[in-house]
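Data block for start_16.cif (mmCIF, N, CA, C and O atoms):
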data_run
loop_
_atom_site.label_atom_id
_atom_site.label_comp_id
_atom_site.auth_asym_id
_atom_site.auth_seq_id
_atom_site.Cartn_x
_atom_site.Cartn_y
_atom_site.Cartn_z
N MET J 1169 -6.51 62.55 23.10
CA MET J 1169 -5.56 61.78 22.36
C MET J 1169 -6.33 60.83 21.44
O MET J 1169 -7.32 60.24 21.83
N THR J 1170 -5.85 60.70 20.22
CA THR J 1170 -6.50 59.84 19.24
C THR J 1170 -5.60 58.65 18.94
O THR J 1170 -4.39 58.79 18.81
N THR J 1171 -6.19 57.50 18.84
CA THR J 1171 -5.44 56.30 18.50
C THR J 1171 -5.87 55.82 17.13
O THR J 1171 -7.06 55.72 16.84
N MET J 1172 -4.89 55.52 16.30
CA MET J 1172 -5.21 55.04 14.97
C MET J 1172 -5.21 53.51 14.97
O MET J 1172 -4.28 52.89 15.46
N ILE J 1173 -6.25 52.94 14.42
CA ILE J 1173 -6.34 51.49 14.34
C ILE J 1173 -6.10 51.10 12.89
O ILE J 1173 -6.85 51.51 12.00
N GLY J 1174 -5.08 50.31 12.66
CA GLY J 1174 -4.78 49.88 11.30
C GLY J 1174 -5.65 48.70 10.89
O GLY J 1174 -5.94 47.82 11.68
N ILE J 1175 -6.09 48.71 9.65
CA ILE J 1175 -6.89 47.62 9.12
C ILE J 1175 -6.07 46.89 8.08
O ILE J 1175 -5.56 47.50 7.15
N ASN J 1176 -5.97 45.60 8.24
CA ASN J 1176 -5.20 44.78 7.30
C ASN J 1176 -6.15 44.27 6.22
O ASN J 1176 -6.95 43.37 6.46
N ALA J 1177 -6.04 44.82 5.02
CA ALA J 1177 -6.93 44.42 3.92
C ALA J 1177 -6.57 43.05 3.37
O ALA J 1177 -7.36 42.43 2.67
N HIS J 1178 -5.39 42.56 3.67
CA HIS J 1178 -4.92 41.28 3.13
C HIS J 1178 -5.05 40.16 4.15
O HIS J 1178 -4.35 39.17 4.08
N ARG J 1179 -5.92 40.32 5.09
CA ARG J 1179 -6.14 39.32 6.12
C ARG J 1179 -6.79 38.09 5.48
O ARG J 1179 -7.72 38.20 4.70
N PRO J 1180 -6.32 36.89 5.81
CA PRO J 1180 -6.92 35.70 5.23
C PRO J 1180 -8.37 35.52 5.67
O PRO J 1180 -8.72 35.80 6.80
N VAL J 1181 -9.18 35.05 4.78
CA VAL J 1181 -10.59 34.84 5.05
C VAL J 1181 -10.79 33.42 5.54
O VAL J 1181 -10.20 32.48 5.03
N ARG J 1182 -11.61 33.24 6.56
CA ARG J 1182 -11.89 31.91 7.09
C ARG J 1182 -12.71 31.14 6.06
O ARG J 1182 -13.67 31.65 5.52
N ARG J 1183 -12.31 29.91 5.82
CA ARG J 1183 -13.04 29.09 4.86
C ARG J 1183 -14.08 28.24 5.59
O ARG J 1183 -13.93 27.94 6.77
N ALA J 1184 -15.08 27.85 4.87
CA ALA J 1184 -16.12 27.00 5.44
C ALA J 1184 -15.55 25.60 5.64
O ALA J 1184 -14.92 25.05 4.75
N GLN J 1185 -15.74 25.06 6.83
CA GLN J 1185 -15.19 23.73 7.13
C GLN J 1185 -16.11 22.65 6.61
O GLN J 1185 -17.32 22.77 6.66
N ARG J 1186 -15.47 21.58 6.09
CA ARG J 1186 -16.24 20.40 5.74
C ARG J 1186 -16.65 19.72 7.03
O ARG J 1186 -15.86 19.61 7.96
N THR J 1187 -17.90 19.26 7.09
CA THR J 1187 -18.37 18.62 8.31
C THR J 1187 -18.89 17.23 8.01
O THR J 1187 -19.27 16.91 6.89
N VAL J 1188 -18.86 16.41 9.06
CA VAL J 1188 -19.38 15.05 9.01
C VAL J 1188 -20.37 14.92 10.16
O VAL J 1188 -20.07 15.34 11.28
N GLU J 1189 -21.52 14.34 9.90
CA GLU J 1189 -22.51 14.19 10.96
C GLU J 1189 -22.22 12.92 11.75
O GLU J 1189 -22.17 11.82 11.20
N VAL J 1190 -22.01 13.08 13.06
CA VAL J 1190 -21.74 11.96 13.95
C VAL J 1190 -22.80 11.98 15.04
O VAL J 1190 -22.82 12.89 15.87
N PHE J 1191 -23.70 11.01 15.02
CA PHE J 1191 -24.80 10.92 15.98
C PHE J 1191 -25.59 12.22 16.06
O PHE J 1191 -25.96 12.69 17.13
N GLY J 1192 -25.84 12.83 14.92
CA GLY J 1192 -26.65 14.04 14.86
C GLY J 1192 -25.91 15.34 15.13
O GLY J 1192 -26.52 16.40 15.17
N ILE J 1193 -24.60 15.27 15.33
CA ILE J 1193 -23.81 16.46 15.61
C ILE J 1193 -22.80 16.64 14.49
O ILE J 1193 -22.13 15.69 14.09
N ASP J 1194 -22.68 17.86 13.96
CA ASP J 1194 -21.71 18.13 12.90
C ASP J 1194 -20.31 18.27 13.49
O ASP J 1194 -20.08 19.12 14.34
N TRP J 1195 -19.40 17.42 13.02
CA TRP J 1195 -18.00 17.48 13.41
C TRP J 1195 -17.20 17.97 12.22
O TRP J 1195 -17.50 17.60 11.09
N PRO J 1196 -16.15 18.75 12.44
CA PRO J 1196 -15.25 19.05 11.33
C PRO J 1196 -14.65 17.75 10.80
O PRO J 1196 -14.31 16.85 11.58
N ALA J 1197 -14.54 17.63 9.49
CA ALA J 1197 -14.10 16.38 8.87
C ALA J 1197 -12.71 15.98 9.33
O ALA J 1197 -12.44 14.79 9.53
N HIS J 1198 -11.80 16.95 9.50
CA HIS J 1198 -10.44 16.58 9.89
C HIS J 1198 -10.39 15.95 11.29
O HIS J 1198 -9.57 15.08 11.56
N LYS J 1199 -11.29 16.35 12.17
CA LYS J 1199 -11.33 15.75 13.50
C LYS J 1199 -11.88 14.33 13.45
O LYS J 1199 -11.35 13.43 14.11
N ALA J 1200 -12.93 14.13 12.67
CA ALA J 1200 -13.51 12.79 12.55
C ALA J 1200 -12.50 11.82 11.91
O ALA J 1200 -12.35 10.68 12.36
N HIS J 1201 -11.78 12.27 10.90
CA HIS J 1201 -10.78 11.43 10.27
C HIS J 1201 -9.63 11.12 11.22
O HIS J 1201 -9.09 10.01 11.21
N ALA J 1202 -9.25 12.08 12.06
CA ALA J 1202 -8.19 11.85 13.03
C ALA J 1202 -8.60 10.80 14.06
O ALA J 1202 -7.79 9.94 14.44
N VAL J 1203 -9.85 10.85 14.50
CA VAL J 1203 -10.34 9.86 15.47
C VAL J 1203 -10.34 8.47 14.85
O VAL J 1203 -9.89 7.49 15.47
N LEU J 1204 -10.83 8.36 13.62
CA LEU J 1204 -10.84 7.06 12.94
C LEU J 1204 -9.42 6.53 12.72
O LEU J 1204 -9.16 5.34 12.91
N ALA J 1205 -8.52 7.41 12.32
CA ALA J 1205 -7.12 6.99 12.12
C ALA J 1205 -6.50 6.54 13.44
O ALA J 1205 -5.73 5.58 13.49
N GLY J 1206 -6.83 7.24 14.54
CA GLY J 1206 -6.30 6.87 15.84
C GLY J 1206 -6.78 5.51 16.31
O GLY J 1206 -6.00 4.70 16.82
N VAL J 1207 -8.07 5.25 16.12
CA VAL J 1207 -8.62 3.95 16.53
C VAL J 1207 -8.00 2.82 15.71
O VAL J 1207 -7.57 1.79 16.25
N ALA J 1208 -7.92 3.02 14.39
CA ALA J 1208 -7.33 1.99 13.52
C ALA J 1208 -5.86 1.76 13.85
O ALA J 1208 -5.40 0.61 13.94
N THR J 1209 -5.13 2.84 14.07
CA THR J 1209 -3.71 2.72 14.41
C THR J 1209 -3.51 2.03 15.75
O THR J 1209 -2.61 1.20 15.89
N ALA J 1210 -4.35 2.35 16.72
CA ALA J 1210 -4.22 1.74 18.04
C ALA J 1210 -4.46 0.23 17.98
O ALA J 1210 -3.70 -0.55 18.57
N VAL J 1211 -5.48 -0.18 17.25
CA VAL J 1211 -5.79 -1.61 17.16
C VAL J 1211 -4.66 -2.36 16.47
O VAL J 1211 -4.19 -3.40 16.96
N VAL J 1212 -4.21 -1.84 15.34
CA VAL J 1212 -3.15 -2.52 14.59
C VAL J 1212 -1.85 -2.55 15.37
O VAL J 1212 -1.18 -3.60 15.46
N THR J 1213 -1.47 -1.43 15.99
CA THR J 1213 -0.22 -1.39 16.75
C THR J 1213 -0.28 -2.31 17.96
O THR J 1213 0.69 -3.00 18.28
N LEU J 1214 -1.41 -2.34 18.64
CA LEU J 1214 -1.54 -3.21 19.81
C LEU J 1214 -1.46 -4.68 19.42
O LEU J 1214 -0.85 -5.48 20.13
N LEU J 1215 -2.04 -5.04 18.30
CA LEU J 1215 -1.97 -6.43 17.84
C LEU J 1215 -0.56 -6.82 17.40
O LEU J 1215 -0.12 -7.94 17.65
N ILE J 1216 0.14 -5.91 16.75
CA ILE J 1216 1.48 -6.23 16.23
C ILE J 1216 2.53 -6.16 17.33
O ILE J 1216 3.33 -7.08 17.50
N VAL J 1217 2.55 -5.06 18.08
CA VAL J 1217 3.62 -4.84 19.07
C VAL J 1217 3.25 -5.43 20.44
O VAL J 1217 4.10 -6.04 21.09
N GLY J 1218 2.04 -5.22 20.88
CA GLY J 1218 1.61 -5.74 22.17
C GLY J 1218 1.97 -4.87 23.36
O GLY J 1218 1.69 -5.21 24.49
N SER J 1219 2.57 -3.72 23.10
CA SER J 1219 2.98 -2.82 24.17
C SER J 1219 2.03 -1.63 24.22
O SER J 1219 1.81 -0.96 23.21
N LEU J 1220 1.49 -1.35 25.40
CA LEU J 1220 0.57 -0.22 25.53
C LEU J 1220 1.29 1.11 25.37
O LEU J 1220 0.73 2.06 24.81
N GLN J 1221 2.53 1.19 25.84
CA GLN J 1221 3.27 2.44 25.73
C GLN J 1221 3.59 2.76 24.27
O GLN J 1221 3.41 3.89 23.82
N ALA J 1222 4.04 1.78 23.52
CA ALA J 1222 4.32 1.99 22.09
C ALA J 1222 3.04 2.33 21.34
O ALA J 1222 3.04 3.18 20.45
N THR J 1223 1.95 1.65 21.70
CA THR J 1223 0.67 1.92 21.05
C THR J 1223 0.23 3.36 21.29
O THR J 1223 -0.25 4.02 20.37
N ALA J 1224 0.40 3.85 22.50
CA ALA J 1224 0.01 5.22 22.81
C ALA J 1224 0.82 6.23 22.00
O ALA J 1224 0.27 7.19 21.46
N TRP J 1225 2.13 6.01 21.90
CA TRP J 1225 2.98 6.94 21.14
C TRP J 1225 2.66 6.92 19.65
O TRP J 1225 2.52 7.97 19.02
N VAL J 1226 2.52 5.74 19.09
CA VAL J 1226 2.24 5.63 17.66
C VAL J 1226 0.86 6.21 17.34
O VAL J 1226 0.68 6.91 16.33
N THR J 1227 -0.11 5.96 18.19
CA THR J 1227 -1.45 6.50 17.99
C THR J 1227 -1.45 8.03 18.07
O THR J 1227 -2.10 8.70 17.26
N ALA J 1228 -0.73 8.57 19.03
CA ALA J 1228 -0.66 10.03 19.16
C ALA J 1228 -0.04 10.66 17.92
O ALA J 1228 -0.53 11.69 17.43
N VAL J 1229 1.01 10.07 17.40
CA VAL J 1229 1.66 10.60 16.20
C VAL J 1229 0.71 10.52 15.01
O VAL J 1229 0.60 11.47 14.22
N ALA J 1230 -0.01 9.41 14.88
CA ALA J 1230 -0.95 9.25 13.76
C ALA J 1230 -2.09 10.27 13.84
O ALA J 1230 -2.46 10.88 12.83
N VAL J 1231 -2.64 10.46 15.03
CA VAL J 1231 -3.74 11.41 15.19
C VAL J 1231 -3.29 12.83 14.87
O VAL J 1231 -3.97 13.57 14.14
N LEU J 1232 -2.13 13.22 15.39
CA LEU J 1232 -1.63 14.57 15.11
C LEU J 1232 -1.31 14.76 13.64
O LEU J 1232 -1.58 15.82 13.06
N ALA J 1233 -0.75 13.76 13.00
CA ALA J 1233 -0.42 13.87 11.58
C ALA J 1233 -1.68 14.05 10.73
O ALA J 1233 -1.72 14.89 9.83
N VAL J 1234 -2.72 13.27 11.03
CA VAL J 1234 -3.96 13.39 10.25
C VAL J 1234 -4.64 14.72 10.56
O VAL J 1234 -5.09 15.43 9.66
N TRP J 1235 -4.72 15.07 11.84
CA TRP J 1235 -5.41 16.30 12.26
C TRP J 1235 -4.80 17.52 11.59
O TRP J 1235 -5.48 18.29 10.93
N TRP J 1236 -3.49 17.72 11.77
CA TRP J 1236 -2.84 18.91 11.23
C TRP J 1236 -2.61 18.80 9.73
O TRP J 1236 -2.70 19.80 9.02
N GLY J 1237 -2.31 17.61 9.26
CA GLY J 1237 -2.07 17.45 7.83
C GLY J 1237 -3.31 17.73 7.01
O GLY J 1237 -3.25 18.36 5.96
N GLU J 1238 -4.45 17.30 7.48
CA GLU J 1238 -5.69 17.52 6.73
C GLU J 1238 -6.17 18.95 6.84
O GLU J 1238 -6.81 19.47 5.94
N ARG J 1239 -5.86 19.60 7.93
CA ARG J 1239 -6.26 21.00 8.08
C ARG J 1239 -5.54 21.89 7.09
O ARG J 1239 -6.10 22.86 6.60
N TYR J 1240 -4.27 21.61 6.85
CA TYR J 1240 -3.46 22.46 6.00
C TYR J 1240 -3.11 21.81 4.68
O TYR J 1240 -2.14 22.18 4.04
N LEU J 1241 -3.90 20.84 4.27
CA LEU J 1241 -3.68 20.15 3.01
C LEU J 1241 -3.92 21.09 1.84
O LEU J 1241 -4.89 21.84 1.84
N PRO J 1242 -3.04 21.08 0.84
CA PRO J 1242 -3.30 21.94 -0.33
C PRO J 1242 -4.60 21.51 -0.99
O PRO J 1242 -4.92 20.33 -1.05
N GLY J 1243 -5.33 22.47 -1.50
CA GLY J 1243 -6.59 22.17 -2.13
C GLY J 1243 -7.79 22.51 -1.26
O GLY J 1243 -8.92 22.45 -1.70
N ASN J 1244 -7.54 22.87 -0.02
CA ASN J 1244 -8.62 23.30 0.86
C ASN J 1244 -8.76 24.82 0.74
O ASN J 1244 -8.67 25.55 1.71
N ALA J 1245 -9.00 25.26 -0.48
CA ALA J 1245 -9.07 26.70 -0.74
C ALA J 1245 -10.33 27.29 -0.13
O ALA J 1245 -11.33 26.60 0.07
N ALA J 1246 -10.26 28.56 0.14
CA ALA J 1246 -11.43 29.25 0.68
C ALA J 1246 -12.51 29.32 -0.40
O ALA J 1246 -12.22 29.42 -1.58
N VAL J 1247 -13.72 29.23 0.03
CA VAL J 1247 -14.85 29.30 -0.90
C VAL J 1247 -15.69 30.52 -0.55
O VAL J 1247 -15.70 30.98 0.58
N ALA J 1248 -16.39 31.02 -1.55
CA ALA J 1248 -17.25 32.18 -1.33
C ALA J 1248 -18.44 31.76 -0.47
O ALA J 1248 -18.95 30.65 -0.61
N PRO J 1249 -18.88 32.62 0.42
CA PRO J 1249 -20.04 32.28 1.23
C PRO J 1249 -21.28 32.12 0.37
O PRO J 1249 -21.38 32.67 -0.72
N ARG J 1250 -22.25 31.36 0.86
CA ARG J 1250 -23.47 31.11 0.10
C ARG J 1250 -24.30 32.37 -0.11
O ARG J 1250 -25.13 32.44 -1.00
N SER J 1251 -24.06 33.38 0.70
CA SER J 1251 -24.85 34.60 0.59
C SER J 1251 -24.46 35.44 -0.62
O SER J 1251 -25.21 36.31 -1.03
N ASN J 1252 -23.28 35.17 -1.21
CA ASN J 1252 -22.86 35.93 -2.38
C ASN J 1252 -23.62 35.47 -3.61
O ASN J 1252 -23.81 34.28 -3.83
N PRO J 1253 -24.04 36.39 -4.47
CA PRO J 1253 -24.70 35.99 -5.71
C PRO J 1253 -23.69 35.32 -6.65
O PRO J 1253 -22.49 35.50 -6.50
N PRO J 1254 -24.15 34.53 -7.62
CA PRO J 1254 -23.25 33.86 -8.55
C PRO J 1254 -22.37 34.86 -9.28
O PRO J 1254 -22.81 35.94 -9.67
N GLY J 1255 -21.12 34.50 -9.47
CA GLY J 1255 -20.18 35.36 -10.18
C GLY J 1255 -19.38 36.27 -9.28
O GLY J 1255 -18.42 36.88 -9.70
N ILE J 1256 -19.77 36.37 -8.01
CA ILE J 1256 -19.02 37.21 -7.07
C ILE J 1256 -18.34 36.29 -6.07
O ILE J 1256 -18.95 35.47 -5.43
N SER J 1257 -17.03 36.44 -5.93
CA SER J 1257 -16.34 35.60 -4.97
C SER J 1257 -15.47 36.42 -4.05
O SER J 1257 -15.30 37.58 -4.19
#

Please render this file's structure as structure tokens.
Amino acid sequence: MTTMIGINAHRPVRRAQRTVEVFGIDWPAHKAHAVLAGVATAVVTLLIVGSLQATAWVTAVAVLAVWWGERYLPGNAAVAPRSNPPGIS
């Protein structure tokens, strides 16, 4: 018996992630920005509201919004790998 495996020629290509170096380790930029947004949001919310439960909820929403929003932000188009010669994408 033979099984046919279909190949999807229109499969999206993985794009190179922007990275930020944190203590010598490359982090994806969207994760680093989400952590910074979470810390800033937590400090501000805790100072204004004073409730740990509200701070946790607001911080979680801010981190998720930055994390997912930056991952799928328009303008993060796929780029050609460095191994391709100029003019080929």

Target residues per the PyMOL selection byres (((chain J and resi 1224-1238 and name CA) around 8) and name CA), formatted as a compact mmCIF listing (two decimals) with N, CA, C and O atoms, in the frame of the given file:
# COMPACT_ATOMS: atom_id res chain seq x y z
N HIS J 1198 -11.80 16.95 9.50
CA HIS J 1198 -10.44 16.58 9.89
C HIS J 1198 -10.39 15.95 11.29
O HIS J 1198 -9.57 15.08 11.56
N LYS J 1199 -11.29 16.35 12.17
CA LYS J 1199 -11.33 15.75 13.50
C LYS J 1199 -11.88 14.33 13.45
O LYS J 1199 -11.35 13.43 14.11
N HIS J 1201 -11.78 12.27 10.90
CA HIS J 1201 -10.78 11.43 10.27
C HIS J 1201 -9.63 11.12 11.22
O HIS J 1201 -9.09 10.01 11.21
N ALA J 1202 -9.25 12.08 12.06
CA ALA J 1202 -8.19 11.85 13.03
C ALA J 1202 -8.60 10.80 14.06
O ALA J 1202 -7.79 9.94 14.44
N VAL J 1203 -9.85 10.85 14.50
CA VAL J 1203 -10.34 9.86 15.47
C VAL J 1203 -10.34 8.47 14.85
O VAL J 1203 -9.89 7.49 15.47
N ALA J 1205 -8.52 7.41 12.32
CA ALA J 1205 -7.12 6.99 12.12
C ALA J 1205 -6.50 6.54 13.44
O ALA J 1205 -5.73 5.58 13.49
N GLY J 1206 -6.83 7.24 14.54
CA GLY J 1206 -6.30 6.87 15.84
C GLY J 1206 -6.78 5.51 16.31
O GLY J 1206 -6.00 4.70 16.82
N VAL J 1207 -8.07 5.25 16.12
CA VAL J 1207 -8.62 3.95 16.53
C VAL J 1207 -8.00 2.82 15.71
O VAL J 1207 -7.57 1.79 16.25
N THR J 1209 -5.13 2.84 14.07
CA THR J 1209 -3.71 2.72 14.41
C THR J 1209 -3.51 2.03 15.75
O THR J 1209 -2.61 1.20 15.89
N ALA J 1210 -4.35 2.35 16.72
CA ALA J 1210 -4.22 1.74 18.04
C ALA J 1210 -4.46 0.23 17.98
O ALA J 1210 -3.70 -0.55 18.57
N THR J 1213 -1.47 -1.43 15.99
CA THR J 1213 -0.22 -1.39 16.75
C THR J 1213 -0.28 -2.31 17.96
O THR J 1213 0.69 -3.00 18.28
N LEU J 1220 1.49 -1.35 25.40
CA LEU J 1220 0.57 -0.22 25.53
C LEU J 1220 1.29 1.11 25.37
O LEU J 1220 0.73 2.06 24.81
N GLN J 1221 2.53 1.19 25.84
CA GLN J 1221 3.27 2.44 25.73
C GLN J 1221 3.59 2.76 24.27
O GLN J 1221 3.41 3.89 23.82
N ALA J 1222 4.04 1.78 23.52
CA ALA J 1222 4.32 1.99 22.09
C ALA J 1222 3.04 2.33 21.34
O ALA J 1222 3.04 3.18 20.45
N THR J 1223 1.95 1.65 21.70
CA THR J 1223 0.67 1.92 21.05
C THR J 1223 0.23 3.36 21.29
O THR J 1223 -0.25 4.02 20.37
N ARG J 1239 -5.86 19.60 7.93
CA ARG J 1239 -6.26 21.00 8.08
C ARG J 1239 -5.54 21.89 7.09
O ARG J 1239 -6.10 22.86 6.60
N TYR J 1240 -4.27 21.61 6.85
CA TYR J 1240 -3.46 22.46 6.00
C TYR J 1240 -3.11 21.81 4.68
O TYR J 1240 -2.14 22.18 4.04
N LEU J 1241 -3.90 20.84 4.27
CA LEU J 1241 -3.68 20.15 3.01
C LEU J 1241 -3.92 21.09 1.84
O LEU J 1241 -4.89 21.84 1.84

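We find atom C of Leu1214 in chain J and CA of Ala1197 in chain J to be spaced 26.7 Å apart.
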
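Interatomic distance, CA of Val1188 in chain J to atom N of Ala1200 in chain J: 7.5 Å.
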